[in-house]
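Engineer: The structure file run.cif (mmCIF, C-alpha atoms) is provided below.
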data_protein
loop_
_atom_site.label_atom_id
_atom_site.label_comp_id
_atom_site.auth_asym_id
_atom_site.auth_seq_id
_atom_site.Cartn_x
_atom_site.Cartn_y
_atom_site.Cartn_z
CA MET A 1 4.77 31.25 -9.87
CA THR A 2 3.45 33.64 -7.27
CA MET A 3 3.77 37.40 -7.53
CA LYS A 4 6.36 37.40 -4.73
CA GLN A 5 8.56 34.94 -6.65
CA THR A 6 8.69 37.04 -9.83
CA HIS A 7 10.66 39.82 -8.10
CA GLN A 8 13.36 37.52 -6.76
CA PRO A 9 16.70 36.56 -8.26
CA PHE A 10 17.03 33.01 -9.53
CA LEU A 11 19.07 32.00 -6.50
CA ASN A 12 19.61 33.51 -3.05
CA ILE A 13 23.42 33.37 -2.97
CA SER A 14 23.88 34.13 0.74
CA ALA A 15 21.35 31.46 1.77
CA PHE A 16 22.93 29.01 -0.67
CA LEU A 17 26.46 29.53 0.62
CA GLY A 18 25.32 29.57 4.26
CA SER A 19 23.56 26.24 3.98
CA LEU A 20 26.30 24.65 1.87
CA GLY A 21 29.05 25.83 4.20
CA MET A 22 27.23 24.72 7.33
CA TRP A 23 26.64 21.12 6.29
CA LEU A 24 29.95 20.75 4.45
CA ALA A 25 31.86 21.98 7.49
CA ILE A 26 30.05 19.61 9.85
CA TRP A 27 30.82 16.49 7.83
CA GLY A 28 34.24 17.66 6.65
CA ILE A 29 35.47 18.40 10.16
CA ILE A 30 34.21 15.07 11.48
CA VAL A 31 35.88 13.10 8.70
CA LEU A 32 39.16 14.97 8.81
CA VAL A 33 39.51 14.85 12.61
CA VAL A 34 38.64 11.15 12.86
CA ALA A 35 40.79 10.21 9.84
CA TYR A 36 43.71 12.22 11.23
CA SER A 37 43.38 10.38 14.53
CA GLY A 38 44.04 7.11 12.71
CA GLN A 39 40.58 5.95 11.64
CA PRO A 40 40.27 6.74 7.91
CA GLY A 41 37.44 4.22 7.66
CA VAL A 42 35.10 6.98 8.82
CA ALA A 43 34.96 8.01 5.15
CA CYS A 44 32.97 4.82 4.52
CA LEU A 45 30.06 6.49 6.33
CA THR A 46 29.73 8.96 3.45
CA PRO A 47 26.49 7.38 2.14
CA MET A 48 24.92 8.12 5.51
CA ALA A 49 26.23 11.69 5.30
CA TRP A 50 24.26 12.16 2.07
CA LEU A 51 21.24 12.47 4.35
CA LEU A 52 22.64 15.83 5.44
CA ALA A 53 21.34 17.12 2.11
CA LEU A 54 17.86 17.06 3.68
CA PRO A 55 18.54 19.79 6.26
CA ALA A 56 20.73 21.61 3.72
CA GLY A 57 17.77 22.09 1.38
CA TRP A 58 15.51 23.08 4.26
CA ASN A 59 18.06 25.56 5.62
CA TYR A 60 18.48 27.15 2.20
CA VAL A 61 14.86 28.28 2.39
CA ALA A 62 15.09 29.15 6.09
CA PHE A 63 18.23 31.27 5.57
CA ALA A 64 16.56 33.03 2.63
CA LYS A 65 13.97 34.55 5.00
CA GLY A 66 11.09 34.49 2.55
CA MET A 67 13.21 35.14 -0.55
CA PRO A 68 14.44 31.69 -1.69
CA GLY A 69 14.57 32.67 -5.34
CA ARG A 70 12.22 32.01 -8.24
CA GLN A 71 12.83 28.26 -8.25
CA PRO A 72 13.55 26.84 -4.77
CA LEU A 73 13.46 23.31 -6.19
CA ILE A 74 16.22 24.07 -8.70
CA ALA A 75 18.26 25.89 -6.04
CA GLY A 76 17.86 22.89 -3.71
CA LEU A 77 18.85 20.48 -6.47
CA LEU A 78 21.97 22.53 -7.19
CA LEU A 79 22.82 22.84 -3.50
CA GLY A 80 22.46 19.09 -2.92
CA ALA A 81 24.42 18.22 -6.04
CA ILE A 82 27.34 20.39 -4.95
CA LEU A 83 27.16 19.04 -1.40
CA GLY A 84 27.07 15.42 -2.65
CA LEU A 85 29.93 16.11 -5.04
CA LEU A 86 32.07 17.62 -2.28
CA TYR A 87 31.27 14.72 0.08
CA GLY A 88 32.30 12.32 -2.69
CA LEU A 89 35.56 14.17 -3.28
CA LEU A 90 36.25 14.11 0.46
CA PHE A 91 35.65 10.33 0.41
CA TRP A 92 38.00 10.03 -2.56
CA ALA A 93 40.78 11.97 -0.83
CA VAL A 94 40.52 10.16 2.51
CA SER A 95 40.22 6.71 0.95
CA THR A 96 43.08 7.30 -1.46
CA TYR A 97 45.53 8.67 1.09
CA GLY A 98 44.26 7.07 4.30
CA MET A 99 43.42 3.60 2.95
CA PRO A 100 45.63 3.03 -0.10
CA ALA A 101 44.64 0.11 -2.33
CA GLY A 102 48.19 -1.12 -2.81
CA SER A 103 50.04 -1.68 -6.05
CA ASP A 104 47.93 -4.44 -7.62
CA PRO A 105 46.38 -3.01 -10.82
CA ALA A 106 43.11 -4.86 -10.20
CA GLU A 107 42.78 -3.39 -6.71
CA LEU A 108 43.64 0.07 -7.98
CA ALA A 109 40.93 -0.24 -10.64
CA LYS A 110 38.37 -1.33 -8.02
CA ALA A 111 39.30 1.58 -5.76
CA ARG A 112 39.02 4.03 -8.67
CA THR A 113 35.64 2.63 -9.62
CA MET A 114 34.40 2.86 -6.03
CA ASN A 115 35.56 6.46 -5.81
CA LEU A 116 33.80 7.38 -9.04
CA VAL A 117 30.60 5.67 -7.89
CA MET A 118 30.67 7.51 -4.55
CA VAL A 119 31.08 10.86 -6.28
CA ALA A 120 28.42 10.22 -8.93
CA VAL A 121 25.81 8.63 -6.67
CA GLY A 122 26.41 11.20 -3.94
CA THR A 123 25.85 14.01 -6.41
CA VAL A 124 22.53 12.55 -7.58
CA ILE A 125 21.23 11.52 -4.15
CA GLY A 126 22.25 14.82 -2.59
CA ALA A 127 20.52 16.77 -5.35
CA LEU A 128 17.27 14.84 -5.01
CA LEU A 129 17.11 15.01 -1.22
CA SER A 130 18.01 18.68 -0.99
CA GLY A 131 15.71 19.67 -3.84
CA ILE A 132 12.73 17.90 -2.31
CA MET A 133 13.28 19.54 1.08
CA ALA A 134 13.83 23.01 -0.40
CA ARG A 135 10.58 22.73 -2.35
CA ARG A 136 8.72 21.49 0.73
CA ALA A 137 10.07 24.28 2.92
CA ALA A 138 9.27 26.92 0.28
CA ARG A 139 5.67 25.67 0.01
CA LEU A 140 5.25 25.80 3.78
CA GLN A 141 6.67 29.30 3.79
CA GLU A 142 4.26 30.37 1.01
CA ARG A 143 1.37 29.17 3.18
CA GLY A 144 2.55 31.41 5.99
CA GLN A 145 4.14 28.73 8.17
CA ALA A 146 7.46 29.40 9.85
CA VAL A 147 10.49 27.53 8.52
CA PRO A 148 13.01 27.36 11.38
CA VAL A 149 16.72 26.88 10.77
CA LEU A 150 17.93 23.35 11.52
CA LYS A 151 21.23 23.33 13.35
CA VAL A 152 23.48 21.03 15.29
CA SER A 153 23.69 21.96 18.96
#
For the file at hand, write its structure as structure tokens.

Structural biologist:
Amino acid sequence: MTMKQTHQPFLNISAFLGSLGMWLAIWGIIVLVVAYSGQPGVACLTPMAWLLALPAGWNYVAFAKGMPGRQPLIAGLLLGAILGLLYGLLFWAVSTYGMPAGSDPAELAKARTMNLVMVAVGTVIGALLSGIMARRAARLQERGQAVPVLKVS
């Protein structure tokens, strides 16, 4: 732990919420608009959306402006886990209400299992991807390299 890290809080809350909100809003708006227009199958792209945890972890460090907290890896893991969890819950809501499984108990059980898998796997994958990128960005920043904010134009 460097001297600069010892005088930081565990987590930079504003950077955390800024990065989480940015990438949650992007995917959430896309899914809700497309599902509302009659294509709820867009929720099936959620595993691809887990990749958005990469720029989320990077942006956490970029938004922190040199103060990413004592443990950027842990902050990135937490950020990605929450992002993956919320993506999974969005999948669950859209698939349940936009693509109902019917009344067959076997189909309902399969749908429930799929929903649980999407939430659990998304939480783990999101945490790993975001944590790795947050640690990478923090190391670059410690070496004096600029960490630009990644954004959608």

Engineer: List the residues matched by the PyMOL selection byres ((chain A and resi 118) around 9) in the displayed structure as an MDAnalysis selection string, ordered by chain and then by residue number.

Structural biologist: chainID A and resid 46:47 84:85 87:89 91:92 113:117 119:123

Engineer: Could you check which residues have any atom within 12 Å of (13.5, 17.0, -0.9), counting all atoms listed in the file with coordinates taken straight from the file, and then list them as an MDAnalysis selection string?

Structural biologist: chainID A and resid 51:61 72:80 125:139

Engineer: How many Å lie between CA of Ile26 (chain A) and CA of Val94 (chain A), rounded to one decimal?

Structural biologist: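 Distance between the two atoms: 15.9 Å.
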
Engineer: Could you please determine the separation between CA of Cys44 (chain A) and CA of Gly28 (chain A) in Å, to one decimal place?

Structural biologist: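 That distance, rounded to one decimal, is 13.1 Å.
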
Engineer: Measure the distance from CA of Leu86 (chain A) to CA of Tyr36 (chain A) in Å and round it to one decimal.

Structural biologist: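 Those two atoms sit 18.6 Å apart.
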
Engineer: Name the residues that the PyMOL selection byres ((chain A and resi 67-69) around 6) picks from the file above, as a list in words, using the file's chain letters and numbers.

Structural biologist: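 Applying the expression gives Gln8, Pro9, Phe10, Leu11, Asn12, Val61, Ala64, Lys65, Gly66, Arg70, Gln71 and Pro72 of chain A.
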
Engineer: Mind checking which residues fall within 12 Å of Tyr97 (chain A), counting only C-alpha atoms, ignoring those fewer than 3 positions away in the same chain, and posting them as a VMD selection string?

Structural biologist: chain A and resid 32 35 to 36 38 to 41 43 90 to 94 100 to 102 111

Engineer: May I ask which of the residues A:Gly18, A:Arg112, A:Val124, A:Leu45 is the closest one to Ile30 (chain A), counting all atoms listed in the file?

Structural biologist: A:Leu45

Engineer: Between A:Val147, A:Ala109, A:Leu20, A:Val152, which residue has the minimum interatomic distance to Ala62 (chain A), considering only C-alpha atoms?

Structural biologist: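 Ranking A:Val147, A:Ala109, A:Leu20, A:Val152 by distance to Ala62 (chain A), first place goes to A:Val147.
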